[in-house]
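Novice: Can you read through this structure? Questions will come right after.
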Amino acid sequence: MENHIQKAADILSHTERLLVLTGAGISTSAGIPDFRGDKGIYTLGTVSEDIFDLRAFRDDPKRFWEFGKKFIFTMEKAAPTPMHRFIKKLEIRMETTVVTQNIDGIHEKAGSTDVIELHGSFSSLTCLSCGKTYAYKGKQDQIMETNSPICECGGALKPDIVFFGEPVQDLKKAFKKAADADTMMIIGSSLTVYPASLLPSYFKGKMIVVNKGPVSGITITDLFLDIEADRAAIELSKILFPGEEI
Ligand code: OAD
């Protein structure tokens with residue numbers, strides 16, 4: 001594995017434009033469970049995949065919010081991991097864009113300046129009837145007490161997370177960034193969810209994958225580090241930023 005770390009560091013040290021694609025696995029060490037990993041919420045059956053389905057939400061918003069309020073509470077108090085901080089630090093050495101499937105907002109907390117949140121975020125809510133939007137904070141008490149935040153028009157409020165059945169955000173921008181990058185890192189994602197899974201096909205440079213367990217669609221020419229994201233961050237940091245803390 002040392003050899004792989006050194007190779008990844010060599011690639012990064014010759015990179016001008018980096019695209020980092022992150023998934024839930026980058027945030028598990030911050031206390032947020034992933035979906036399909038060993039302890040993932042789909043793997044363990046904590047919730048079924050249709051919890052993020054738009055039609056299921058319309059049918060029964062309370063069912064979502066019973067789960068969603070705890071999930072959001074966990075995300076709100078989560079702090080950046082060593083890998084989030086390492087990605088931020090890479091901005092010193094190269095143009096760095098983060099495309100994340102995560103809705104936890106941790107890349108922004110770490111200070112990353114160019115972040116595309118493909119799946120939106122929980123920080124705002126939109127009424128499914130009239131389209132009015134609200135800050136999550138302003139509705140938090142209602143969510144905690146009733147599992148059913150309501151708009152002033154009486155419509156159900158949905159978090160501005162991209163549910164299955166909705167278009168993802170800034171997709172064209174993400175594809176363009178992938179096409180322009182000379183290195184791409186995929187970190188903590190099974191890459192099974194469309195359309196984030198299409199991103200590598202828009203990219204022609206060197207690929208580094210950091211993930212515990214299999215990742216869909218990666219090829220044998222990709223440099224695959226099947227290790228904890230934070231370990232990769234710490235080891236890469238020792239080479240790229242010697243003597244500095246991450
Ligand atoms: P997944 O749960 O599908 O994949 C996370 C991957 O990270 C798994 O392969 C884990 O083994 C790996 N992993 C977990 N902890 C890790 C660690 N500490 N270091 C390295 N790898 C680790 O999550 P995503 O690919 O992000 O969509 O899932 C994509 C989308 O599916 C999510 O954005 C979500 C879900 O439905 C929506 O909410 C709309």
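Each chain in the structure tokens gets a letter, A, B and so on, in the order shown; residues start at 1 in every chain, and ligands are counted from 1 in the order they appear.
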Counting only C-alpha atoms and all ligand atoms, which protein, DNA or RNA residues come within 7 Å of ligand 1, given as a compact mmCIF listing (two decimals) with N, CA and C atoms, in the first residue's frame?
Specialist:
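Generated output (result16.txt):
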# COMPACT_ATOMS: atom_id res chain seq x y z
N THR A 22 -16.73 13.06 -4.10
CA THR A 22 -16.85 12.39 -2.80
C THR A 22 -18.25 11.81 -2.58
N GLY A 23 -18.26 10.78 -1.72
CA GLY A 23 -19.52 10.15 -1.33
C GLY A 23 -19.54 9.95 0.18
N ALA A 24 -20.54 9.24 0.62
CA ALA A 24 -20.81 9.13 2.06
C ALA A 24 -19.63 8.58 2.86
N GLY A 25 -18.76 7.77 2.24
CA GLY A 25 -17.64 7.15 2.96
C GLY A 25 -16.64 8.16 3.49
N ILE A 26 -16.61 9.37 2.93
CA ILE A 26 -15.65 10.36 3.45
C ILE A 26 -16.12 10.89 4.81
N THR A 28 -17.98 9.00 7.17
CA THR A 28 -18.32 8.01 8.21
C THR A 28 -17.50 8.24 9.48
N SER A 29 -16.25 8.68 9.31
CA SER A 29 -15.43 8.91 10.52
C SER A 29 -15.86 10.17 11.27
N ASP A 34 -22.83 5.70 6.18
CA ASP A 34 -23.01 5.69 4.73
C ASP A 34 -24.25 4.86 4.39
N PHE A 35 -24.41 4.53 3.11
CA PHE A 35 -25.62 3.84 2.66
C PHE A 35 -25.37 2.35 2.41
N ARG A 36 -24.29 2.07 1.64
CA ARG A 36 -24.09 0.70 1.16
C ARG A 36 -22.81 0.06 1.67
N GLY A 37 -22.08 0.73 2.55
CA GLY A 37 -20.89 0.14 3.16
C GLY A 37 -21.29 -0.92 4.19
N ASP A 38 -20.30 -1.50 4.88
CA ASP A 38 -20.57 -2.58 5.85
C ASP A 38 -21.62 -2.20 6.88
N GLY A 40 -23.68 0.47 6.48
CA GLY A 40 -24.54 1.44 5.80
C GLY A 40 -26.01 1.30 6.20
N GLU A 49 -34.39 2.05 0.62
CA GLU A 49 -33.88 3.04 -0.33
C GLU A 49 -34.93 4.06 -0.74
N PHE A 52 -35.58 8.21 0.22
CA PHE A 52 -35.25 9.43 -0.53
C PHE A 52 -35.98 9.44 -1.88
N GLN A 101 -21.62 14.05 -3.52
CA GLN A 101 -22.98 13.50 -3.47
C GLN A 101 -23.55 13.69 -2.07
N ASN A 102 -22.72 14.21 -1.16
CA ASN A 102 -23.15 14.32 0.23
C ASN A 102 -23.97 15.58 0.46
N HIS A 119 -26.31 16.62 -4.86
CA HIS A 119 -27.56 16.16 -4.24
C HIS A 119 -28.17 17.18 -3.30
N ILE A 161 -32.84 18.48 -0.51
CA ILE A 161 -31.99 17.36 -0.87
C ILE A 161 -32.58 16.80 -2.16
N VAL A 162 -31.71 16.36 -3.08
CA VAL A 162 -32.23 15.78 -4.32
C VAL A 162 -32.72 14.36 -4.03
N PHE A 163 -34.01 14.16 -4.20
CA PHE A 163 -34.59 12.83 -4.01
C PHE A 163 -34.57 12.07 -5.34
N PHE A 164 -34.66 10.75 -5.28
CA PHE A 164 -34.80 9.98 -6.51
C PHE A 164 -36.09 10.45 -7.19
N ILE A 187 -13.53 9.48 -3.74
CA ILE A 187 -13.28 9.16 -2.33
C ILE A 187 -14.58 8.79 -1.61
N GLY A 188 -14.63 7.56 -1.08
CA GLY A 188 -15.76 7.15 -0.24
C GLY A 188 -17.08 7.07 -0.96
N SER A 189 -17.08 6.49 -2.15
CA SER A 189 -18.35 6.29 -2.85
C SER A 189 -18.35 4.95 -3.55
N SER A 190 -19.49 4.25 -3.47
CA SER A 190 -19.63 3.00 -4.23
C SER A 190 -19.85 3.32 -5.71
N LEU A 191 -20.14 4.57 -6.00
CA LEU A 191 -20.39 5.08 -7.36
C LEU A 191 -21.48 4.27 -8.09
N THR A 192 -22.50 3.92 -7.35
CA THR A 192 -23.59 3.14 -7.94
C THR A 192 -24.77 4.02 -8.32
N VAL A 193 -24.71 5.30 -7.93
CA VAL A 193 -25.89 6.13 -8.15
C VAL A 193 -25.70 7.07 -9.34
N VAL A 210 -10.04 6.21 -3.66
CA VAL A 210 -9.82 5.86 -2.25
C VAL A 210 -11.15 5.39 -1.70
N ASN A 211 -11.28 4.11 -1.49
CA ASN A 211 -12.56 3.59 -0.99
C ASN A 211 -12.37 2.22 -0.37
N LYS A 212 -13.03 2.00 0.76
CA LYS A 212 -13.04 0.66 1.35
C LYS A 212 -14.08 -0.14 0.60
N GLY A 213 -13.63 -1.13 -0.16
CA GLY A 213 -14.57 -1.97 -0.89
C GLY A 213 -14.76 -1.50 -2.32
N PRO A 214 -15.54 -2.30 -3.08
CA PRO A 214 -15.63 -2.09 -4.53
C PRO A 214 -16.30 -0.77 -4.93
N VAL A 215 -15.86 -0.27 -6.09
CA VAL A 215 -16.41 0.95 -6.67
C VAL A 215 -16.83 0.62 -8.10
N ILE A 227 -8.46 1.60 1.24
CA ILE A 227 -8.14 1.88 2.65
C ILE A 227 -9.06 2.98 3.20
N GLU A 228 -9.00 3.16 4.52
CA GLU A 228 -9.73 4.26 5.16
C GLU A 228 -9.33 5.60 4.54
N ALA A 229 -10.31 6.43 4.26
CA ALA A 229 -10.04 7.73 3.65
C ALA A 229 -9.08 8.56 4.53
N ASP A 230 -9.29 8.53 5.84
CA ASP A 230 -8.45 9.37 6.71
C ASP A 230 -7.00 8.89 6.72
Novice: Which residues are near Tyr202 in chain A? Cut-off 8 Å, only C-alpha atoms, ignore same chain within fewer than 6 positions. Put them as a ChimeraX atom specification.
Specialist: /A:175-176,178-179
Novice: Select from range 134-235 of chain A everything DSSP, run on the backbone, classes as strand (DSSP E or B), then give the selection as a list in words.
Specialist: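 Across range 134-235 of chain A, those assigned strand (DSSP E or B) are Tyr134, Ala135, Ile150, Ala156, Leu157, Lys158, Pro159, Asp160, Ile161, Phe164, Thr183, Met184, Met185, Ile186, Ile187, Lys206, Met207, Ile208, Val209, Val210, Leu223, Phe224 and Leu225 of chain A.
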Novice: Tell me which of A:Gly68, A:Pro61, A:Gly31, A:Pro195 sits closest to Leu171 in chain A, counting only C-alpha atoms.
Specialist: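 Nearest candidate to Leu171 in chain A out of A:Gly68, A:Pro61, A:Gly31, A:Pro195: A:Pro195.
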Novice: Write down as a ChimeraX atom specification the residues of range 5-223 of chain A whose backbone DSSP state falls under alpha helix (DSSP H).
Specialist: /A:5-13,54-59,61-77,82-90,106-110,136-146,171-180
Novice: Calculated over only C-alpha atoms, which of the candidates A:Val20, A:Ser197, A:Trp65, A:Glu2 has the smallest distance to Met83 in chain A?
Specialist: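 Closest candidate: A:Val20.
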Novice: Give me the residues within 9 Å of Ala196 in chain A as a PyMOL selection string, counting only C-alpha atoms and dropping any in the same chain fewer than 6 places off.
Specialist: chain A and resi 21+99-101+118+168+171+174
Novice: Selection from above, N, CA and C atoms, as a PDB file, in the first residue's frame, can you write it?
Specialist:
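Resulting contents of out-v6.pdb:
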ATOM      1  N   LEU A  21     -14.346  13.723  -6.401  1.00  0.00           N
ATOM      2  CA  LEU A  21     -15.752  13.298  -6.304  1.00  0.00           C
ATOM      3  C   LEU A  21     -15.916  12.532  -4.994  1.00  0.00           C
ATOM      4  N   VAL A  99     -16.817  17.781  -6.213  1.00  0.00           N
ATOM      5  CA  VAL A  99     -18.188  17.429  -6.566  1.00  0.00           C
ATOM      6  C   VAL A  99     -18.618  16.405  -5.529  1.00  0.00           C
ATOM      7  N   THR A 100     -19.616  16.749  -4.750  1.00  0.00           N
ATOM      8  CA  THR A 100     -20.000  15.806  -3.694  1.00  0.00           C
ATOM      9  C   THR A 100     -21.433  15.329  -3.864  1.00  0.00           C
ATOM     10  N   GLN A 101     -21.618  14.049  -3.522  1.00  0.00           N
ATOM     11  CA  GLN A 101     -22.980  13.503  -3.472  1.00  0.00           C
ATOM     12  C   GLN A 101     -23.552  13.686  -2.071  1.00  0.00           C
ATOM     13  N   LEU A 118     -24.045  18.021  -5.697  1.00  0.00           N
ATOM     14  CA  LEU A 118     -24.938  17.411  -6.693  1.00  0.00           C
ATOM     15  C   LEU A 118     -26.306  17.053  -6.118  1.00  0.00           C
ATOM     16  N   VAL A 168     -30.536  16.249 -10.574  1.00  0.00           N
ATOM     17  CA  VAL A 168     -29.461  16.675  -9.689  1.00  0.00           C
ATOM     18  C   VAL A 168     -29.021  18.091 -10.074  1.00  0.00           C
ATOM     19  N   LEU A 171     -25.253  19.676 -12.836  1.00  0.00           N
ATOM     20  CA  LEU A 171     -24.645  18.501 -13.476  1.00  0.00           C
ATOM     21  C   LEU A 171     -23.725  18.884 -14.634  1.00  0.00           C
ATOM     22  N   ALA A 174     -20.484  20.122 -13.430  1.00  0.00           N
ATOM     23  CA  ALA A 174     -19.649  19.022 -12.925  1.00  0.00           C
ATOM     24  C   ALA A 174     -19.009  18.263 -14.088  1.00  0.00           C
TER      25      ALA A 174
END
Novice: Show me, as a PyMOL selection string, the residues that have an atom within 8 Å of range 180-185 of chain A when counting only C-alpha atoms, minus same-chain residues fewer than 6 positions from it.
Specialist: chain A and resi 11-12+15-21+203-210
Novice: Print the selection's residues with C-alpha atoms to a file, as a tab-separated table (two decimals), in the first residue's frame.
Specialist:
chain	number	residue	atom	x	y	z
A	11	ILE	CA	0.26	12.07	-9.47
A	12	LEU	CA	-1.04	14.84	-7.19
A	15	THR	CA	-1.58	17.95	-11.05
A	16	GLU	CA	-2.78	21.39	-12.13
A	17	ARG	CA	-6.55	20.84	-12.15
A	18	LEU	CA	-8.06	18.33	-9.72
A	19	LEU	CA	-11.61	17.10	-9.54
A	20	VAL	CA	-12.53	15.31	-6.30
A	21	LEU	CA	-15.75	13.30	-6.30
A	203	PHE	CA	-12.68	12.48	-17.73
A	204	LYS	CA	-9.47	11.58	-19.61
A	205	GLY	CA	-6.64	12.02	-17.06
A	206	LYS	CA	-5.21	10.03	-14.14
A	207	MET	CA	-7.67	8.48	-11.70
A	208	ILE	CA	-7.05	7.86	-7.99
A	209	VAL	CA	-9.75	5.96	-6.07
A	210	VAL	CA	-9.82	5.86	-2.25
Novice: Would you mind telling me which residue in A:Glu166, A:Glu95, A:Asp10, A:Glu76 lies nearest to Leu54 in chain A when using only C-alpha atoms?
Specialist: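 Ranking A:Glu166, A:Glu95, A:Asp10, A:Glu76 by distance to Leu54 in chain A, first place goes to A:Glu166.
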Novice: Would you mind listing what lies within 12 Å of Ser148 in chain A as a list of chain:residue names, with only C-alpha atoms counted and same-chain residues fewer than 4 positions away left out?
Specialist: A:Phe57, A:Arg58, A:Asp60, A:Pro61, A:Lys62, A:Arg63, A:Phe64, A:Trp65, A:Glu66, A:Phe67, A:Gly68, A:Lys69, A:Leu125, A:Cys127, A:Lys139, A:Gln140, A:Asp141, A:Gln142, A:Ile143, A:Met144, A:Gly154, A:Gly155, A:Ala156, A:Leu157, A:Lys158, A:Pro159
Novice: Just to be explicit: take each residue in the selection above, keep C-alpha atoms, and write the result as a PDB file, in the first residue's frame.
Specialist:
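The result, written out as part_10.pdb:
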ATOM      1  CA  PHE A  57     -42.239  11.506   0.331  1.00  0.00           C
ATOM      2  CA  ARG A  58     -45.382  13.005  -1.229  1.00  0.00           C
ATOM      3  CA  ASP A  60     -46.086  10.178   3.565  1.00  0.00           C
ATOM      4  CA  PRO A  61     -43.785  13.088   4.545  1.00  0.00           C
ATOM      5  CA  LYS A  62     -43.901  12.058   8.228  1.00  0.00           C
ATOM      6  CA  ARG A  63     -42.235   8.762   7.410  1.00  0.00           C
ATOM      7  CA  PHE A  64     -39.291  10.682   5.905  1.00  0.00           C
ATOM      8  CA  TRP A  65     -39.061  13.246   8.685  1.00  0.00           C
ATOM      9  CA  GLU A  66     -39.027  10.636  11.477  1.00  0.00           C
ATOM     10  CA  PHE A  67     -35.772   9.367   9.990  1.00  0.00           C
ATOM     11  CA  GLY A  68     -34.644  12.641   8.395  1.00  0.00           C
ATOM     12  CA  LYS A  69     -34.651  14.742  11.544  1.00  0.00           C
ATOM     13  CA  LEU A 125     -36.828  23.460   2.699  1.00  0.00           C
ATOM     14  CA  CYS A 127     -43.085  23.729  -0.099  1.00  0.00           C
ATOM     15  CA  LYS A 139     -38.488  25.123  10.904  1.00  0.00           C
ATOM     16  CA  GLN A 140     -36.319  22.950  13.125  1.00  0.00           C
ATOM     17  CA  ASP A 141     -38.595  23.155  16.183  1.00  0.00           C
ATOM     18  CA  GLN A 142     -41.648  22.212  14.118  1.00  0.00           C
ATOM     19  CA  ILE A 143     -39.757  19.264  12.619  1.00  0.00           C
ATOM     20  CA  MET A 144     -38.614  18.019  16.033  1.00  0.00           C
ATOM     21  CA  GLY A 154     -50.548  24.312   4.481  1.00  0.00           C
ATOM     22  CA  GLY A 155     -48.370  22.365   2.004  1.00  0.00           C
ATOM     23  CA  ALA A 156     -45.753  19.823   3.067  1.00  0.00           C
ATOM     24  CA  LEU A 157     -42.150  21.056   3.275  1.00  0.00           C
ATOM     25  CA  LYS A 158     -39.428  18.933   1.717  1.00  0.00           C
ATOM     26  CA  PRO A 159     -35.715  19.446   2.408  1.00  0.00           C
TER      27      PRO A 159
END
Novice: Any idea what's packed within 10 Å of Pro80 in chain A, counting only C-alpha atoms, ignoring anything in its chain fewer than 6 positions away? Could you give it as a list in words?
Specialist: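 Surrounding residues, per the criterion: Ile26, Ser27, Ser29, Ala30, Phe86, Gly105, Ile106, His107, Glu108, Lys109, Ala110 and Gly111 of chain A.
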Novice: Please produce an output containing C-alpha atoms for each residue in the selection, written as a JSON list (two decimals), in the first residue's frame.
Specialist:
[["chain", "number", "residue", "atom", "x", "y", "z"],
["A", 26, "ILE", "CA", -15.65, 10.36, 3.45],
["A", 27, "SER", "CA", -17.95, 11.32, 6.34],
["A", 29, "SER", "CA", -15.43, 8.91, 10.52],
["A", 30, "ALA", "CA", -17.33, 12.12, 11.35],
["A", 86, "PHE", "CA", -6.62, 17.43, 3.20],
["A", 105, "GLY", "CA", -22.13, 20.47, 4.09],
["A", 106, "ILE", "CA", -18.80, 19.33, 5.59],
["A", 107, "HIS", "CA", -16.64, 20.36, 2.62],
["A", 108, "GLU", "CA", -17.84, 23.93, 3.18],
["A", 109, "LYS", "CA", -17.16, 23.61, 6.92],
["A", 110, "ALA", "CA", -13.59, 22.52, 6.02],
["A", 111, "GLY", "CA", -13.23, 25.67, 3.92]]
Novice: Which one of A:Glu152, A:Asp53, A:Asp104, A:Glu244 sits closest to Ser129 in chain A if you count only C-alpha atoms?
Specialist: A:Glu152
Novice: What is the CA of Phe122 in chain A-CA of Ala135 in chain A distance in Å, reported with one decimal?
Specialist: 9.0 Å
Novice: Would you compute the distance between CA of Thr97 in chain A and CA of Ile220 in chain A? Give it in Å to one decimal.
Specialist: 24.6 Å
